[in-house]
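Report on one structure; see the data block that follows.
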Amino acid sequence: MPSRANPAEVIAAAAAAIAPPAATAAAEARSRQDRLTKPPGALGRLEELAVRIAGMRGCARPRLEQRLVVVAAADHGVAARGVSAYPPEVTAQMVANFLAGGAAINVLADHAGARVRVVDAGVLSPLDPPSGRSGGAQLARLDLPRGSGDITEGPAMSRETAERAIVAGIALVEEERAGPGLDIVGCGEMGIGNSTAAAALIAAATGRPPEAVTGRGSGVEGAALRAKIGAIEAALAVNRPDRGDGVALLAALGGHEIGVLAGVYLGAAVARIPAVMDGLISGAAALVAATIAPGVRDYIVASHRSPEPGHAAALEALEAEPLLDLGMRLGEGSGAALGISLCVAACRVLDEMATFGEAGVSDAPQQG
C-alpha cells in the first residue's frame, strides 16, 4: 500500500487487498478439532471460533501471542444538544484515566494479556501527561480536527477528514505489525456524544428509524432520551447520506474515533488478523468498514451483545453472532478484551489439547 498515495487511494487499495479466509487452514483446523480428546462438539462455539480464526490467520493451529486493544477517543459537536448524561470534558478526563491505568479497559486488557493503545483522534480538552501509575496505556496523537461538527446542523466532518481518520486506523495496524507484532486486535472507543453519532450511522446504514436504534447510552432517559432521538432525526434529515458509501456515512454522521476504528477493521482484514468488535460505537465503525469493503465481515469477531438497540441492528447487518451476553454497555473496548480472552482460549485448546491418537485414548466407535 503506497504511503504517499492520497487517502482515498489508500482506502481503495486496502479494500482491494482483502482476501477471503483460507479454506484449507480452516478445514485442517476442523479435522484436528474432531480428533481432540472430547466428544465432537463438546466445547460448543469455542470449537467453531478456533476454526474461524484458523481460516483468518491462514494457519491450522493459530497462536494469538501479540494482542492489542485500540481505544480511539474524540469529541462530538452533537454533545452540545444535551444527548449525554456527562459533559464533554469527561472525554479528556477518561483518556487520562486510560493512560494512568485506572479504567475498566486497563484491567480487562491486562487480564487478556493485551496492551492498550489510546488514540487521540480529536479530543477537545488538552490531555495531561500520564500520572505514571502502572498498567497505563500508550498514547498516539493524530493530526485531526479537535472534535466533530454538530450533526444536527450539517456533516460531522469533510470527506477528506473522514478518509484521513480511516487511513490513520489502517496505518496503526501496519505500525503495530511492524513493531511489537499483532495477532488479534480489539476495537474500543471513548467520546461523549458518540452513542448518538453511532445510532445515527446505524439508522442510516440499515434504514431503521431512529427510535428503533437509539438507547440510553451514558444513561439518559425521559426528556433527554427524546432529545437524543430528535437529534438523530434532525441529523438524518439534514445530511441524507448515501447508505452505500461508507466514507460518506462517516463524514455525514460519525466521529473521528469511529473513522479510526473503521480503518483498524480494514487494516486487520488486509493483514488476516481477527478484529474483535465491542459494543454500539465499535459496531457502527464495523458497519462503515463493511460498507467500504464487504470482505471485512469475515475478519470480525463480535465479542458481546450490548443492551443498546442499535448494537443489535449492527450485529444483524453484519451477520455476526456475539460470544457473550452480559448486559455490558460501557464501551472502551471492555467487551472486546473479554472477547480476546475467549479467542485465545479457543486457539489454545485447538493447538495444545491432545488428539485421541496423541494421548493413546480410544476414540468412540464408528457408527455403522
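Ordering of the C-alpha cells sets the chain letters (A, B, ...), residue numbers begin anew at 1 in every chain, and ligands are numbered from 1 in the order given.
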Note to self: Can you pull out the residues contacting A:Leu323? Cut-off 8 Å, using only C-alpha atoms, and skip same-chain residues under 5 positions away; I want them as a PyMOL selection string.
What the structure shows: chain A and resi 302-305+339
Next item on the list: For A:Asp278, please output as a PyMOL selection string all residues within 6 Å (counting only C-alpha atoms; exclusion window: fewer than 3 positions along the same chain).
Entry: chain A and resi 282+303+333+335-336
Checklist line | Using only C-alpha atoms: which of A:Pro210, A:Gly222, A:Gly82, A:Gly259 has the shortest distance to A:Cys187 | finding: A:Gly259
Margin query: Among stretch 203-267 of chain A, which residues does DSSP mark as helix (DSSP H, G or I) when it is run on the backbone? Keep the chain and numbering as in the structure and answer as a ChimeraX atom specification.
Written below: /A:203-206,210-213,223-239,246-253,256-267
How close does each residue of stretch 203-277 of chain A get to stretch 50-55 of chain A, giving the shortest atom pair and distance in Å to one decimal for every residue with an atom at most 12 Å away, counting only C-alpha atoms, sorted by chain and residue number, as JSON lines?
{"residue": "A:Ala269", "atom": "CA", "partner": "A:Ile53", "partner_atom": "CA", "distance": 11.8}
{"residue": "A:Arg272", "atom": "CA", "partner": "A:Gly55", "partner_atom": "CA", "distance": 8.7}
{"residue": "A:Ile273", "atom": "CA", "partner": "A:Ile53", "partner_atom": "CA", "distance": 8.4}
{"residue": "A:Pro274", "atom": "CA", "partner": "A:Ile53", "partner_atom": "CA", "distance": 6.8}
{"residue": "A:Ala275", "atom": "CA", "partner": "A:Ile53", "partner_atom": "CA", "distance": 10.2}
{"residue": "A:Val276", "atom": "CA", "partner": "A:Ile53", "partner_atom": "CA", "distance": 11.2}
